[in-house]
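> Contents of final.cif (mmCIF, C-alpha atoms and all ligand atoms) are below:
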data_coords
#
loop_
_atom_site.label_atom_id
_atom_site.label_comp_id
_atom_site.auth_asym_id
_atom_site.auth_seq_id
_atom_site.Cartn_x
_atom_site.Cartn_y
_atom_site.Cartn_z
CA MET O 1 122.06 107.78 109.09
CA SER O 2 118.35 108.46 109.63
CA LYS O 3 116.03 105.58 110.59
CA TYR O 4 113.42 106.86 108.16
CA ILE O 5 113.02 108.30 104.72
CA THR O 6 111.31 111.57 105.54
CA ALA O 7 108.77 113.08 103.17
CA GLY O 8 106.81 116.32 103.05
CA LEU O 9 103.41 116.35 101.36
CA ILE O 10 102.11 119.52 99.72
CA GLY O 11 98.44 119.26 98.73
CA TYR O 12 96.07 117.19 100.84
CA GLY O 13 93.13 116.58 98.52
CA THR O 14 91.69 113.29 97.35
CA VAL O 15 95.00 111.86 96.09
CA GLY O 16 97.03 113.26 99.01
CA LYS O 17 94.72 111.59 101.53
CA GLY O 18 94.98 108.34 99.56
CA VAL O 19 98.80 108.52 99.65
CA VAL O 20 98.84 108.99 103.44
CA LYS O 21 96.43 106.05 103.87
CA ILE O 22 98.45 103.66 101.66
CA LEU O 23 101.72 104.61 103.35
CA GLU O 24 100.16 104.10 106.80
CA ASN O 25 98.68 100.73 105.87
CA ASN O 26 101.58 99.32 103.84
CA GLN O 27 104.70 100.07 105.90
CA LYS O 28 105.66 96.37 105.91
CA ILE O 29 105.78 96.40 102.11
CA VAL O 30 107.72 99.69 102.22
CA VAL O 31 110.35 98.35 104.64
CA ARG O 32 110.73 95.16 102.60
CA LYS O 33 111.39 97.22 99.46
CA VAL O 34 113.28 100.24 100.77
CA GLY O 35 114.96 98.81 103.85
CA LYS O 36 113.46 101.44 106.19
CA PRO O 37 110.06 103.07 106.79
CA ILE O 38 108.90 106.17 104.94
CA LYS O 39 107.49 108.81 107.26
CA ILE O 40 105.41 111.81 106.24
CA LYS O 41 106.71 114.49 108.57
CA SER O 42 104.67 117.48 107.39
CA ILE O 43 101.61 118.19 105.28
CA SER O 44 100.75 121.57 103.79
CA ASP O 45 97.36 122.53 102.41
CA LEU O 46 95.36 125.73 101.98
CA ASN O 47 92.97 124.56 104.70
CA PRO O 48 93.64 122.96 108.10
CA ILE O 49 93.62 119.15 107.90
CA ASP O 50 92.47 116.14 109.91
CA LYS O 51 96.07 115.53 111.11
CA PRO O 52 96.81 118.80 112.96
CA GLU O 53 100.09 117.42 114.36
CA LEU O 54 101.50 117.27 110.80
CA TYR O 55 99.99 120.50 109.47
CA VAL O 56 102.30 123.23 108.19
CA LYS O 57 100.54 126.26 106.77
CA ASN O 58 103.29 127.57 104.49
CA PHE O 59 104.68 125.03 102.00
CA LYS O 60 107.97 126.96 101.92
CA ASP O 61 108.66 125.75 105.48
CA ILE O 62 108.45 122.15 104.21
CA ILE O 63 110.79 122.86 101.28
CA LYS O 64 113.31 124.48 103.68
CA ASP O 65 113.17 121.67 106.27
CA PRO O 66 116.64 120.01 106.25
CA GLU O 67 115.24 116.72 107.61
CA ILE O 68 113.00 116.20 104.59
CA ASP O 69 114.39 113.97 101.82
CA LEU O 70 111.60 114.21 99.31
CA ILE O 71 108.67 116.44 98.47
CA ILE O 72 105.35 115.07 97.23
CA GLU O 73 103.63 117.76 95.15
CA LEU O 74 99.89 117.10 94.82
CA VAL O 75 98.40 120.59 94.57
CA GLY O 76 97.63 120.31 90.82
CA GLY O 77 97.39 123.24 88.37
CA TYR O 78 100.27 125.45 87.27
CA GLU O 79 101.05 127.66 90.27
CA PRO O 80 102.19 127.27 92.97
CA ALA O 81 102.90 123.72 91.70
CA ARG O 82 105.70 124.85 89.36
CA THR O 83 107.33 126.92 92.12
CA ILE O 84 107.06 124.03 94.58
CA ILE O 85 108.77 121.63 92.15
CA ILE O 86 111.51 124.03 91.06
CA GLU O 87 112.29 125.34 94.55
CA SER O 88 112.32 121.80 95.98
CA LEU O 89 114.86 120.65 93.37
CA LYS O 90 116.97 123.75 93.98
CA SER O 91 116.85 123.09 97.74
CA GLY O 92 118.29 119.63 97.18
CA LYS O 93 115.03 117.70 97.52
CA ASN O 94 113.85 114.94 95.24
CA VAL O 95 110.29 115.31 94.02
CA VAL O 96 107.27 113.10 93.33
CA THR O 97 104.36 114.69 91.47
CA ALA O 98 101.11 113.62 89.80
CA ASN O 99 100.79 116.94 87.98
CA LYS O 100 100.54 116.40 84.22
CA ALA O 101 99.59 120.00 83.43
CA VAL O 102 102.72 121.47 85.01
CA LEU O 103 104.99 118.78 83.53
CA ALA O 104 103.64 119.25 80.00
CA LYS O 105 103.93 123.05 80.21
CA TYR O 106 107.31 123.37 81.99
CA TRP O 107 109.05 120.14 80.87
CA ASP O 108 112.29 121.91 79.93
CA GLN O 109 112.52 124.07 83.03
CA ILE O 110 111.74 121.16 85.37
CA PHE O 111 114.15 118.63 83.86
CA ILE O 112 116.94 121.15 83.29
CA THR O 113 116.67 122.12 86.98
CA ALA O 114 116.65 118.44 88.02
CA GLN O 115 119.77 117.81 85.89
CA ASP O 116 121.56 120.96 87.08
CA TYR O 117 120.88 120.22 90.77
CA LYS O 118 121.36 116.44 90.37
CA LYS O 119 118.00 115.58 91.85
CA SER O 120 115.25 113.22 90.71
CA ILE O 121 111.66 113.87 89.81
CA TYR O 122 109.20 110.96 89.56
CA TYR O 123 105.75 111.36 87.99
CA GLU O 124 104.16 107.98 87.33
CA ALA O 125 100.69 109.14 88.47
CA SER O 126 100.67 111.97 85.93
CA VAL O 127 99.76 109.59 83.08
CA GLY O 128 97.25 106.75 83.10
CA GLY O 129 96.54 106.66 86.86
CA VAL O 130 97.86 103.40 88.27
CA ILE O 131 99.20 102.10 84.93
CA PRO O 132 103.01 101.89 85.16
CA VAL O 133 103.47 103.42 81.73
CA VAL O 134 106.12 105.99 82.67
CA GLN O 135 108.21 103.22 84.25
CA GLY O 136 107.25 101.00 81.32
CA LEU O 137 108.53 103.47 78.76
CA ASN O 138 111.53 104.72 80.75
CA GLU O 139 112.75 101.39 82.12
CA GLY O 140 110.92 98.41 80.62
CA LEU O 141 111.33 99.77 77.09
CA ALA O 142 114.61 101.60 77.76
CA ALA O 143 116.32 99.81 74.87
CA GLU O 144 113.66 100.67 72.32
CA GLU O 145 113.41 103.02 69.41
CA ILE O 146 109.76 104.01 69.80
CA PHE O 147 107.63 104.14 66.65
CA GLU O 148 104.16 104.71 68.05
CA ILE O 149 102.25 105.64 71.23
CA LYS O 150 98.45 105.57 71.31
CA GLY O 151 96.23 105.75 74.33
CA ILE O 152 92.91 106.16 76.02
CA LEU O 153 94.40 108.53 78.57
CA ASN O 154 91.43 110.16 80.26
CA GLY O 155 89.12 108.20 82.56
CA THR O 156 86.39 110.84 82.69
CA THR O 157 85.85 111.03 78.93
CA ASN O 158 86.08 107.27 78.62
CA PHE O 159 83.40 106.95 81.30
CA ILE O 160 81.19 109.44 79.40
CA LEU O 161 81.73 107.66 76.06
CA SER O 162 80.97 104.28 77.65
CA LYS O 163 77.65 105.65 78.97
CA MET O 164 76.77 107.09 75.56
CA THR O 165 77.62 103.86 73.75
CA LYS O 166 76.12 101.34 76.15
CA GLU O 167 73.11 103.25 77.47
CA GLY O 168 72.41 105.57 74.53
CA LEU O 169 72.70 108.65 76.79
CA ALA O 170 73.21 112.05 75.15
CA TYR O 171 76.51 113.79 75.99
CA GLU O 172 75.05 116.12 78.67
CA GLU O 173 73.34 113.25 80.51
CA ALA O 174 76.46 111.09 80.33
CA LEU O 175 78.53 113.99 81.70
CA LYS O 176 76.12 114.35 84.65
CA SER O 177 76.45 110.65 85.30
CA ALA O 178 80.27 110.96 85.33
CA GLN O 179 80.01 113.89 87.74
CA MET O 180 77.73 111.88 90.04
CA ALA O 181 80.22 108.98 89.96
CA GLY O 182 82.85 111.46 91.16
CA PHE O 183 84.96 111.44 87.98
CA ALA O 184 84.44 114.66 86.06
CA GLU O 185 85.57 117.88 87.75
CA SER O 186 82.83 120.46 88.41
CA ASN O 187 84.51 122.37 85.56
CA PRO O 188 84.97 119.41 83.21
CA SER O 189 86.64 121.37 80.40
CA PHE O 190 90.17 119.94 80.94
CA ASP O 191 88.84 116.42 80.56
CA VAL O 192 86.15 116.78 77.88
CA ASP O 193 88.01 119.27 75.68
CA GLY O 194 90.92 116.84 75.38
CA ILE O 195 93.47 119.05 77.20
CA ASP O 196 94.17 116.46 79.90
CA THR O 197 94.76 113.79 77.23
CA ALA O 198 97.05 116.19 75.32
CA ASN O 199 99.10 116.89 78.47
CA LYS O 200 99.55 113.16 79.06
CA LEU O 201 100.41 112.49 75.41
CA ALA O 202 102.99 115.31 75.48
CA ILE O 203 104.62 113.71 78.55
CA LEU O 204 104.79 110.24 76.96
CA ALA O 205 106.05 111.60 73.64
CA SER O 206 108.68 113.80 75.32
CA LEU O 207 109.87 110.79 77.28
CA ALA O 208 109.89 108.51 74.24
CA TRP O 209 111.79 110.83 71.93
CA GLY O 210 114.07 112.62 74.42
CA SER O 211 112.99 116.15 73.64
CA TRP O 212 110.21 118.47 74.76
CA ILE O 213 107.07 117.84 72.72
CA LYS O 214 104.78 120.76 73.38
CA VAL O 215 101.01 120.57 73.76
CA LYS O 216 100.68 123.36 71.19
CA ASN O 217 102.07 120.91 68.59
CA ILE O 218 99.17 118.52 69.18
CA ALA O 219 95.95 118.90 67.16
CA VAL O 220 93.36 118.60 69.94
CA LYS O 221 89.63 117.97 69.68
CA GLY O 222 87.53 116.84 72.63
CA ILE O 223 84.18 115.06 72.96
CA ALA O 224 81.91 117.96 73.98
CA ASP O 225 80.24 118.27 70.57
CA LEU O 226 79.94 114.53 69.94
CA ASN O 227 76.38 113.78 68.85
CA ILE O 228 74.74 110.63 70.25
CA LYS O 229 73.45 110.04 66.72
CA ASP O 230 77.01 109.36 65.50
CA VAL O 231 77.73 107.11 68.47
CA LEU O 232 74.67 105.02 67.53
CA LEU O 233 75.20 105.16 63.75
CA THR O 234 78.79 103.89 64.08
CA LYS O 235 77.98 101.12 66.55
CA ARG O 236 77.96 98.35 63.98
CA MET O 237 81.42 99.47 62.78
CA GLY O 238 83.03 99.87 66.20
CA THR O 239 83.24 102.19 69.21
CA ILE O 240 84.11 105.86 69.56
CA LYS O 241 86.98 106.55 71.99
CA LEU O 242 89.05 109.66 72.72
CA ILE O 243 92.52 108.69 71.50
CA GLY O 244 95.82 110.48 72.02
CA SER O 245 98.20 109.42 69.29
CA ALA O 246 101.91 110.07 68.56
CA ILE O 247 103.32 108.33 65.51
CA LYS O 248 106.81 108.65 64.09
CA THR O 249 106.57 109.23 60.32
CA LYS O 250 109.36 110.05 57.91
CA ASN O 251 108.17 113.66 57.80
CA GLY O 252 107.91 114.17 61.57
CA ILE O 253 105.90 113.04 64.59
CA ASP O 254 102.17 112.96 63.87
CA LEU O 255 100.42 114.14 67.06
CA SER O 256 96.69 114.24 67.68
CA VAL O 257 93.97 113.97 70.29
CA CYS O 258 90.46 113.36 68.93
CA PRO O 259 87.44 111.09 69.15
CA CYS O 260 88.18 108.11 66.90
CA LEU O 261 86.15 105.21 65.58
CA ILE O 262 87.84 102.05 66.84
CA ASP O 263 87.36 98.70 65.18
CA LYS O 264 85.60 96.06 67.32
CA SER O 265 88.66 93.79 67.02
CA SER O 266 90.95 96.42 68.63
CA ALA O 267 91.90 95.96 72.30
CA PHE O 268 90.95 99.65 72.82
CA SER O 269 87.29 98.87 72.06
CA THR O 270 87.04 96.79 75.27
CA VAL O 271 88.44 99.57 77.50
CA GLU O 272 85.40 100.86 79.40
CA ASN O 273 84.49 103.47 82.01
CA GLU O 274 87.39 105.01 83.96
CA TYR O 275 89.90 102.53 82.58
CA ASN O 276 92.83 103.72 80.44
CA ALA O 277 95.01 101.81 78.00
CA VAL O 278 98.27 102.69 76.30
CA PHE O 279 99.66 100.95 73.23
CA ILE O 280 103.36 101.35 72.42
CA LYS O 281 105.16 100.01 69.38
CA GLY O 282 108.94 99.68 69.61
CA LYS O 283 111.45 98.62 66.97
CA ASP O 284 112.51 95.38 68.64
CA SER O 285 109.77 94.99 71.25
CA GLY O 286 106.91 95.06 68.75
CA ASP O 287 103.51 95.84 70.25
CA VAL O 288 103.14 96.43 74.01
CA LEU O 289 99.83 97.14 75.74
CA PHE O 290 99.24 98.67 79.19
CA TYR O 291 95.82 98.68 80.89
CA GLY O 292 94.36 99.82 84.22
CA LYS O 293 92.35 102.44 86.08
CA GLY O 294 93.20 105.95 84.95
CA ALA O 295 91.21 107.94 87.48
CA GLY O 296 90.10 107.71 91.09
CA GLN O 297 91.76 108.03 94.51
CA GLY O 298 93.12 104.48 94.91
CA PRO O 299 94.74 104.12 91.46
CA ALA O 300 96.33 107.62 91.50
CA ALA O 301 97.55 107.31 95.12
CA SER O 302 98.98 103.84 94.44
CA ALA O 303 101.06 105.23 91.55
CA VAL O 304 102.32 108.11 93.74
CA VAL O 305 103.37 105.68 96.49
CA SER O 306 105.08 103.49 93.90
CA ASP O 307 107.17 106.53 92.93
CA ILE O 308 107.90 107.34 96.58
CA ILE O 309 109.14 103.77 97.13
CA ASN O 310 111.23 103.65 93.94
CA LEU O 311 112.78 107.04 94.60
CA SER O 312 113.47 106.15 98.25
CA LYS O 313 115.62 103.18 97.16
CA PHE O 314 117.97 105.70 95.53
CA ILE O 315 117.76 108.11 98.47
CA VAL O 316 118.85 105.29 100.82
CA THR O 317 121.99 104.72 98.74
CA ASN O 318 122.55 108.45 98.15
CA THR O 319 122.29 108.01 94.40
CA ALA O 320 119.01 109.79 93.58
CA GLY O 321 119.53 112.15 90.65
CA ILE O 322 123.14 111.12 90.01
CA VAL O 323 122.18 109.44 86.76
CA THR O 324 119.56 111.42 84.86
CA ASP O 325 116.33 109.46 84.83
CA VAL O 326 114.72 111.54 82.10
CA ILE O 327 116.88 111.99 79.06
CA TYR O 328 116.14 115.55 78.08
CA ASP O 329 118.47 117.10 75.59
CA ARG O 330 117.61 120.78 75.32
CA LYS O 331 119.46 121.10 71.99
CA LYS O 332 117.68 118.21 70.29
CA LYS O 333 115.01 119.41 67.84
CA ILE O 334 112.16 117.06 67.01
CA LYS O 335 110.36 117.44 63.71
CA ILE O 336 106.58 117.62 64.06
CA LEU O 337 104.31 116.67 61.16
CA PRO O 338 101.98 119.59 60.24
CA SER O 339 98.48 118.34 61.18
CA GLY O 340 97.16 118.87 57.64
CA GLN O 341 99.58 116.22 56.36
CA SER O 342 98.25 113.61 58.77
CA LYS O 343 96.58 110.75 56.87
CA SER O 344 93.62 108.63 57.91
CA ALA O 345 90.27 107.24 56.81
CA TYR O 346 87.21 109.12 58.11
CA TYR O 347 83.54 108.65 58.92
CA LEU O 348 81.58 111.63 57.58
CA ARG O 349 77.94 112.56 58.17
CA PHE O 350 76.14 115.19 56.12
CA THR O 351 72.61 116.34 56.96
CA VAL O 352 71.33 117.50 53.58
CA VAL O 353 68.16 118.15 51.60
CA ASP O 354 66.78 114.80 50.37
CA LYS O 355 66.44 115.46 46.63
CA PRO O 356 68.06 114.37 43.33
CA GLY O 357 71.56 115.64 42.58
CA VAL O 358 72.63 116.33 46.18
CA LEU O 359 74.77 113.21 46.52
CA SER O 360 76.58 113.90 43.27
CA LYS O 361 77.41 117.45 44.45
CA ILE O 362 78.92 116.11 47.69
CA SER O 363 80.83 113.27 46.06
CA GLY O 364 81.99 115.65 43.31
CA ILE O 365 83.54 118.05 45.84
CA LEU O 366 85.18 115.18 47.74
CA GLY O 367 86.58 113.78 44.48
CA ALA O 368 87.83 117.18 43.31
CA ASN O 369 89.81 117.41 46.58
CA LYS O 370 91.34 113.91 46.16
CA VAL O 371 89.14 112.38 48.88
CA SER O 372 88.22 108.88 47.78
CA ILE O 373 84.96 107.28 48.97
CA ALA O 374 85.05 103.72 50.36
CA SER O 375 81.31 103.42 51.10
CA LEU O 376 78.20 105.52 51.19
CA SER O 377 74.81 105.01 52.85
CA GLN O 378 71.64 106.88 53.76
CA PRO O 379 70.14 105.60 57.02
CA ASN O 380 66.37 105.69 56.90
CA ILE O 381 65.80 108.33 59.59
CA LYS O 382 63.20 110.91 58.56
CA GLN O 383 63.93 114.56 59.41
CA GLY O 384 61.36 116.49 57.38
CA ASP O 385 62.95 117.37 54.03
CA TYR O 386 66.42 116.39 55.27
CA ALA O 387 68.32 113.11 55.38
CA ASP O 388 71.62 111.95 56.79
CA VAL O 389 74.23 110.74 54.33
CA ILE O 390 77.09 108.69 55.77
CA ILE O 391 80.35 108.44 53.86
CA ILE O 392 83.38 106.38 54.82
CA THR O 393 86.51 107.61 53.08
CA HIS O 394 89.67 105.81 52.10
CA GLU O 395 92.85 107.15 53.68
CA THR O 396 93.10 110.85 52.89
CA SER O 397 95.19 113.78 54.02
CA LEU O 398 93.44 115.92 56.61
CA SER O 399 94.03 119.18 54.74
CA HIS O 400 92.34 117.83 51.57
CA LEU O 401 89.39 116.61 53.60
CA GLU O 402 89.03 119.89 55.50
CA THR O 403 89.02 121.89 52.27
CA ALA O 404 86.31 119.61 50.86
CA LEU O 405 84.19 119.88 54.02
CA ARG O 406 84.47 123.70 53.99
CA GLN O 407 83.27 123.76 50.37
CA ILE O 408 80.37 121.39 51.12
CA ASN O 409 79.38 123.37 54.22
CA ALA O 410 79.19 126.50 52.06
CA LEU O 411 76.35 124.94 49.99
CA LYS O 412 73.76 126.58 52.22
CA SER O 413 70.76 125.63 50.04
CA ILE O 414 71.36 121.90 50.58
CA VAL O 415 73.36 121.52 53.81
CA LYS O 416 71.45 121.80 57.09
CA SER O 417 74.32 121.62 59.58
CA LYS O 418 78.10 121.47 59.72
CA PRO O 419 79.36 118.12 58.38
CA VAL O 420 80.55 115.69 61.06
CA LYS O 421 83.95 114.02 60.69
CA ILE O 422 85.35 111.26 62.90
CA LYS O 423 88.78 109.73 62.37
CA ILE O 424 88.85 105.96 61.87
CA GLU O 425 91.71 104.36 63.80
CA LYS O 426 93.72 101.76 61.92
N1 LIG U 1 90.92 113.75 85.21
C1 LIG U 1 91.75 112.61 84.89
C2 LIG U 1 90.95 111.60 84.14
C3 LIG U 1 92.28 111.89 86.10
O1 LIG U 1 89.73 111.69 84.08
O2 LIG U 1 91.55 110.68 83.61
C4 LIG U 1 93.64 112.31 86.51
O3 LIG U 1 94.57 112.30 85.49
#
Can I see the file as C-alpha cells?
Ligand code: HSE

Amino acid sequence: MSKYITAGLIGYGTVGKGVVKILENNQKIVVRKVGKPIKIKSISDLNPIDKPELYVKNFKDIIKDPEIDLIIELVGGYEPARTIIIESLKSGKNVVTANKAVLAKYWDQIFITAQDYKKSIYYEASVGGVIPVVQGLNEGLAAEEIFEIKGILNGTTNFILSKMTKEGLAYEEALKSAQMAGFAESNPSFDVDGIDTANKLAILASLAWGSWIKVKNIAVKGIADLNIKDVLLTKRMGTIKLIGSAIKTKNGIDLSVCPCLIDKSSAFSTVENEYNAVFIKGKDSGDVLFYGKGAGQGPAASAVVSDIINLSKFIVTNTAGIVTDVIYDRKKKIKILPSGQSKSAYYLRFTVVDKPGVLSKISGILGANKVSIASLSQPNIKQGDYADVIIITHETSLSHLETALRQINALKSIVKSKPVKIKIEK
C-alpha cells in the first residue's frame, strides 16, 4: 500500500496555488486526519508554473497516471472542466472541484457517471467559499426534510452592495472598488448578473431535494441596474442584498435570485463585504444558519483542501464512491413553481409628473390588478416637474404585480422612467 495519497492538480490559478500552499504547510494536520500525507504529484496548467518539477503540459497525462488517486479540477468554466471531471471518473479517479458552473449545468451527467463508475466527487468550494454548507446539507442535515434554503451566495455582489449602502457609492464606482480589492472578475457579468448565485442555488437545491434543479428554472435578476437612490431610500427600512432563494411550497419549489430588501432584524442584514451566509430550514432541525467568507484565495483553497482530506479518508480504506454521496435519482421529477405564482411584498418606486390625479391613476391600476398597498410616500426630492412616489405593497403574486407595472409604464404622459420593484424578504 502506498505511503501517500497521490493527487493531480489541473488548473494552477489563484485557488490552485492556495491549495498547494495549504497542503505544504498543513501536512501534520493531514496526517493526523488521514493517517498518511497527501502529495501533489503533478500540476497541469495552460502556462508553465513556478514548480517546473511538477509541471505536466497535457492534463490527459495526469488523468491517465495510474499512481494518482484523486484529481483536483480547478480550471473553472465549462470546458475542458466537464471533460476533465467525466474522464477522471471514468478512469477510476475520485474528483474534487470548486466549479459551480459546470456542476449546475452538467449535474446529471456528472453524478450519473460517478454512480456508474463508483467514484466520488466532492465540491464544497463550489458554494459559499469556506462555508461548509455542502457538508452541512449532505451530512449535518442528512436526516432532514428541507423546507427552505436562502443565501447571500456571491461575495463580489455583496461587497458592491456593502459599498453602496455604507459609503453611498453609485453602482459603477462600487464595482470599481470591488475590482481593485481583487474580488470582481475583469468581466464581472457572472457575479453581478446573478448567474453565479443561480449556479450555487441550483447546486444546493439539487442536493436538498435529490433531483437536478436547473438554472433555467430560476428567475434571475442581478444588481447591475440597481440605482443608488433606492439603496438610500430603503435604508431606514433595511438593507438591499442579492438573495438566492429556494422554498418548498405546495405548488412546487419557488426559485429566485434577485436583489431583496432585508429587514434590519434579519441576520442577513449584518453580512457585509465578501462574506456569504446560508439559511436552511428543516422539518425537525428548524432554522440553521451558516456564515463565512465566500470569495478569496484562502477561503476557497481551505474548502478544497477540506474536500481532499475528507475524500482521502475514504481512499485510504478503499471505500470512496462505494456509497453514493450525492443522492441523485434521474427518474425523480421535481415540481417547480412558475415564477409568476411566487408571492411577496414589494418596494416600488415610480418617477412621475407631480400633479393632481397621478397617484389615483397608479393606485387604481395596482388595485385593479389585486395589488394591495401597505404604505405610500413621496420623498421631498425635487426633479423639475417630476417626483418619486414610493409604494410598499402587501404580499402579492408576481404576475399580478408585473401586469400592473406594465400598464403603469405605458402611461407615457405621466411616467418618466420604468418603475422600480424590489422584493421585500420576509
Ligand atoms: N465569484 C465568486 C463570488 C467567488 O464573488 O462569490 C467564487 O465562487
> Counting all atoms listed in the file, which residue out of O:Ala303, O:Ser211, O:Lys264, O:Gly296 sits closest to O:Lys331?
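Among the listed residues, O:Ser211 lies closest to O:Lys331.
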> I want to know what sits within 8 Å of O:Gly129, based on all atoms listed in the file, with residues of the same chain fewer than 3 positions away left out; could you give that as JSON, numbers by chain?
{"O": [124, 125, 126, 276, 292, 293, 294, 295, 296, 299, 300, 303]}
> For a quick check of understanding, using all atoms listed in the file, which of O:Lys90, O:Val192, O:Ser245, O:Asn26 has the smallest distance to O:Phe111?
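Closest residue, counting all atoms listed in the file: O:Lys90.
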> Step by step, measure atom-to-atom distances between ligand LIG 1 (chain U) and each residue using only C-alpha atoms and all ligand atoms, keep those at most 9 Å, then write them as an NGL selection string.
:O and (98-100 or 125-129 or 152-159 or 183-185 or 188 or 190-192 or 196-197 or 200 or 274-276 or 293-296 or 300)
> Can you measure atom CA of O:Ser375 to atom CA of O:Ile362 for me? One decimal in Å is fine.
13.4 Å
> Using only C-alpha atoms, which residue out of O:Thr319, O:Gln135, O:Ser363, O:Thr97 lies closest to O:Ala81?
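Under the stated criterion, the closest residue is O:Thr97.
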> What is the distance between atom CA of O:Asp254 and atom CA of O:Ser342, in Å to one decimal?
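Computing the Euclidean distance for atom CA of O:Asp254 and atom CA of O:Ser342 yields 6.5 Å.
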> I'd like the contact shell of O:Ile240 - 8 Å cut-off, only C-alpha atoms, skipping same-chain residues fewer than 2 positions apart - returned as a list in words.
Leu161, Thr165, Val231, Thr234, Gly238, Leu242, Pro259, Cys260, Leu261 and Ile262 of chain O
> Identify, on the basis of only C-alpha atoms, every residue whose closest approach to O:Pro37 does not exceed 12 Å; exclude the query and any residue fewer than 3 positions from it along the same chain; express the result as a compact mmCIF listing (two decimals) with C-alpha atoms, in the coordinates of the input.

# COMPACT_ATOMS: atom_id res chain seq x y z
CA SER O 2 118.35 108.46 109.63
CA LYS O 3 116.03 105.58 110.59
CA TYR O 4 113.42 106.86 108.16
CA ILE O 5 113.02 108.30 104.72
CA THR O 6 111.31 111.57 105.54
CA ALA O 7 108.77 113.08 103.17
CA LEU O 23 101.72 104.61 103.35
CA GLU O 24 100.16 104.10 106.80
CA ASN O 25 98.68 100.73 105.87
CA ASN O 26 101.58 99.32 103.84
CA GLN O 27 104.70 100.07 105.90
CA LYS O 28 105.66 96.37 105.91
CA ILE O 29 105.78 96.40 102.11
CA VAL O 30 107.72 99.69 102.22
CA VAL O 31 110.35 98.35 104.64
CA ARG O 32 110.73 95.16 102.60
CA LYS O 33 111.39 97.22 99.46
CA VAL O 34 113.28 100.24 100.77
CA ILE O 40 105.41 111.81 106.24
CA ILE O 308 107.90 107.34 96.58
CA ILE O 309 109.14 103.77 97.13
CA SER O 312 113.47 106.15 98.25
CA LYS O 313 115.62 103.18 97.16
CA VAL O 316 118.85 105.29 100.82
> Select, from O:Asp385, O:Ile391, O:Ser189, O:Ala267, the residue with the minimum atom-to-atom distance to O:Ile373, counting only C-alpha atoms.
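Closest residue, counting only C-alpha atoms: O:Ile391.
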> Taking all atoms listed in the file into account, name the residue in O:Ala320, O:Ile424, O:Ala208, O:Leu9 that is nearest to O:Ile243.
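Of O:Ala320, O:Ile424, O:Ala208, O:Leu9, the one nearest O:Ile243 is O:Ile424, counting all atoms listed in the file.
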> Please compute the atom CA of O:Gln179-atom CA of O:Glu425 distance, one decimal, in Å.
28.3 Å
> Using all atoms listed in the file, find the one residue out of O:Ile86, O:Val371, O:Leu255, O:Ala101 that sits nearest to O:Ala345.
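The shortest atom-to-atom distance to O:Ala345 comes from O:Val371.
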> What lies within 7 Å of O:Ile160 using all atoms listed in the file, ignoring chain neighbours under 5 positions off, as a list in words?
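Close residues of O:Ile160: Ala174, Leu175 and Ala178 of chain O.
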> With all atoms listed in the file as the counted atoms, please give the residues lying no more than 12 Å from O:Gln341, apart from itself and same-chain residues fewer than 2 positions off, as a list in words.
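The neighbour list is Ala219, Thr249, Lys250, Asn251, Gly252, Ile253, Asp254, Leu255, Ser256, Ile336, Leu337, Pro338, Ser339, Lys343, Ser344, Glu395, Thr396, Ser397, Leu398, Ser399, His400, Leu401 and Glu402 of chain O.
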> Output C-alpha atoms for every residue in that selection, as a PDB file, keeping the file's coordinate frame.

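This is the output file out-v6.pdb:
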ATOM      1  CA  ALA O 219      95.950 118.900  67.160  1.00  0.00           C
ATOM      2  CA  THR O 249     106.570 109.230  60.320  1.00  0.00           C
ATOM      3  CA  LYS O 250     109.360 110.050  57.910  1.00  0.00           C
ATOM      4  CA  ASN O 251     108.170 113.660  57.800  1.00  0.00           C
ATOM      5  CA  GLY O 252     107.910 114.170  61.570  1.00  0.00           C
ATOM      6  CA  ILE O 253     105.900 113.040  64.590  1.00  0.00           C
ATOM      7  CA  ASP O 254     102.170 112.960  63.870  1.00  0.00           C
ATOM      8  CA  LEU O 255     100.420 114.140  67.060  1.00  0.00           C
ATOM      9  CA  SER O 256      96.690 114.240  67.680  1.00  0.00           C
ATOM     10  CA  ILE O 336     106.580 117.620  64.060  1.00  0.00           C
ATOM     11  CA  LEU O 337     104.310 116.670  61.160  1.00  0.00           C
ATOM     12  CA  PRO O 338     101.980 119.590  60.240  1.00  0.00           C
ATOM     13  CA  SER O 339      98.480 118.340  61.180  1.00  0.00           C
ATOM     14  CA  LYS O 343      96.580 110.750  56.870  1.00  0.00           C
ATOM     15  CA  SER O 344      93.620 108.630  57.910  1.00  0.00           C
ATOM     16  CA  GLU O 395      92.850 107.150  53.680  1.00  0.00           C
ATOM     17  CA  THR O 396      93.100 110.850  52.890  1.00  0.00           C
ATOM     18  CA  SER O 397      95.190 113.780  54.020  1.00  0.00           C
ATOM     19  CA  LEU O 398      93.440 115.920  56.610  1.00  0.00           C
ATOM     20  CA  SER O 399      94.030 119.180  54.740  1.00  0.00           C
ATOM     21  CA  HIS O 400      92.340 117.830  51.570  1.00  0.00           C
ATOM     22  CA  LEU O 401      89.390 116.610  53.600  1.00  0.00           C
ATOM     23  CA  GLU O 402      89.030 119.890  55.500  1.00  0.00           C
TER      24      GLU O 402
END
> Kindly extract all protein, DNA and RNA residues lying within 10 Å of the coordinates (108.7, 114.5, 78.6) given in the file, considering only C-alpha atoms, and supply them as a PyMOL selection string.
chain O and resi 103-108+110-111+134+199-214+326-328
> Take the residues that were just selected and, keeping C-alpha atoms, output them as a compact mmCIF listing (two decimals), keeping the file's coordinate frame.

# COMPACT_ATOMS: atom_id res chain seq x y z
CA LEU O 103 104.99 118.78 83.53
CA ALA O 104 103.64 119.25 80.00
CA LYS O 105 103.93 123.05 80.21
CA TYR O 106 107.31 123.37 81.99
CA TRP O 107 109.05 120.14 80.87
CA ASP O 108 112.29 121.91 79.93
CA ILE O 110 111.74 121.16 85.37
CA PHE O 111 114.15 118.63 83.86
CA VAL O 134 106.12 105.99 82.67
CA ASN O 199 99.10 116.89 78.47
CA LYS O 200 99.55 113.16 79.06
CA LEU O 201 100.41 112.49 75.41
CA ALA O 202 102.99 115.31 75.48
CA ILE O 203 104.62 113.71 78.55
CA LEU O 204 104.79 110.24 76.96
CA ALA O 205 106.05 111.60 73.64
CA SER O 206 108.68 113.80 75.32
CA LEU O 207 109.87 110.79 77.28
CA ALA O 208 109.89 108.51 74.24
CA TRP O 209 111.79 110.83 71.93
CA GLY O 210 114.07 112.62 74.42
CA SER O 211 112.99 116.15 73.64
CA TRP O 212 110.21 118.47 74.76
CA ILE O 213 107.07 117.84 72.72
CA LYS O 214 104.78 120.76 73.38
CA VAL O 326 114.72 111.54 82.10
CA ILE O 327 116.88 111.99 79.06
CA TYR O 328 116.14 115.55 78.08
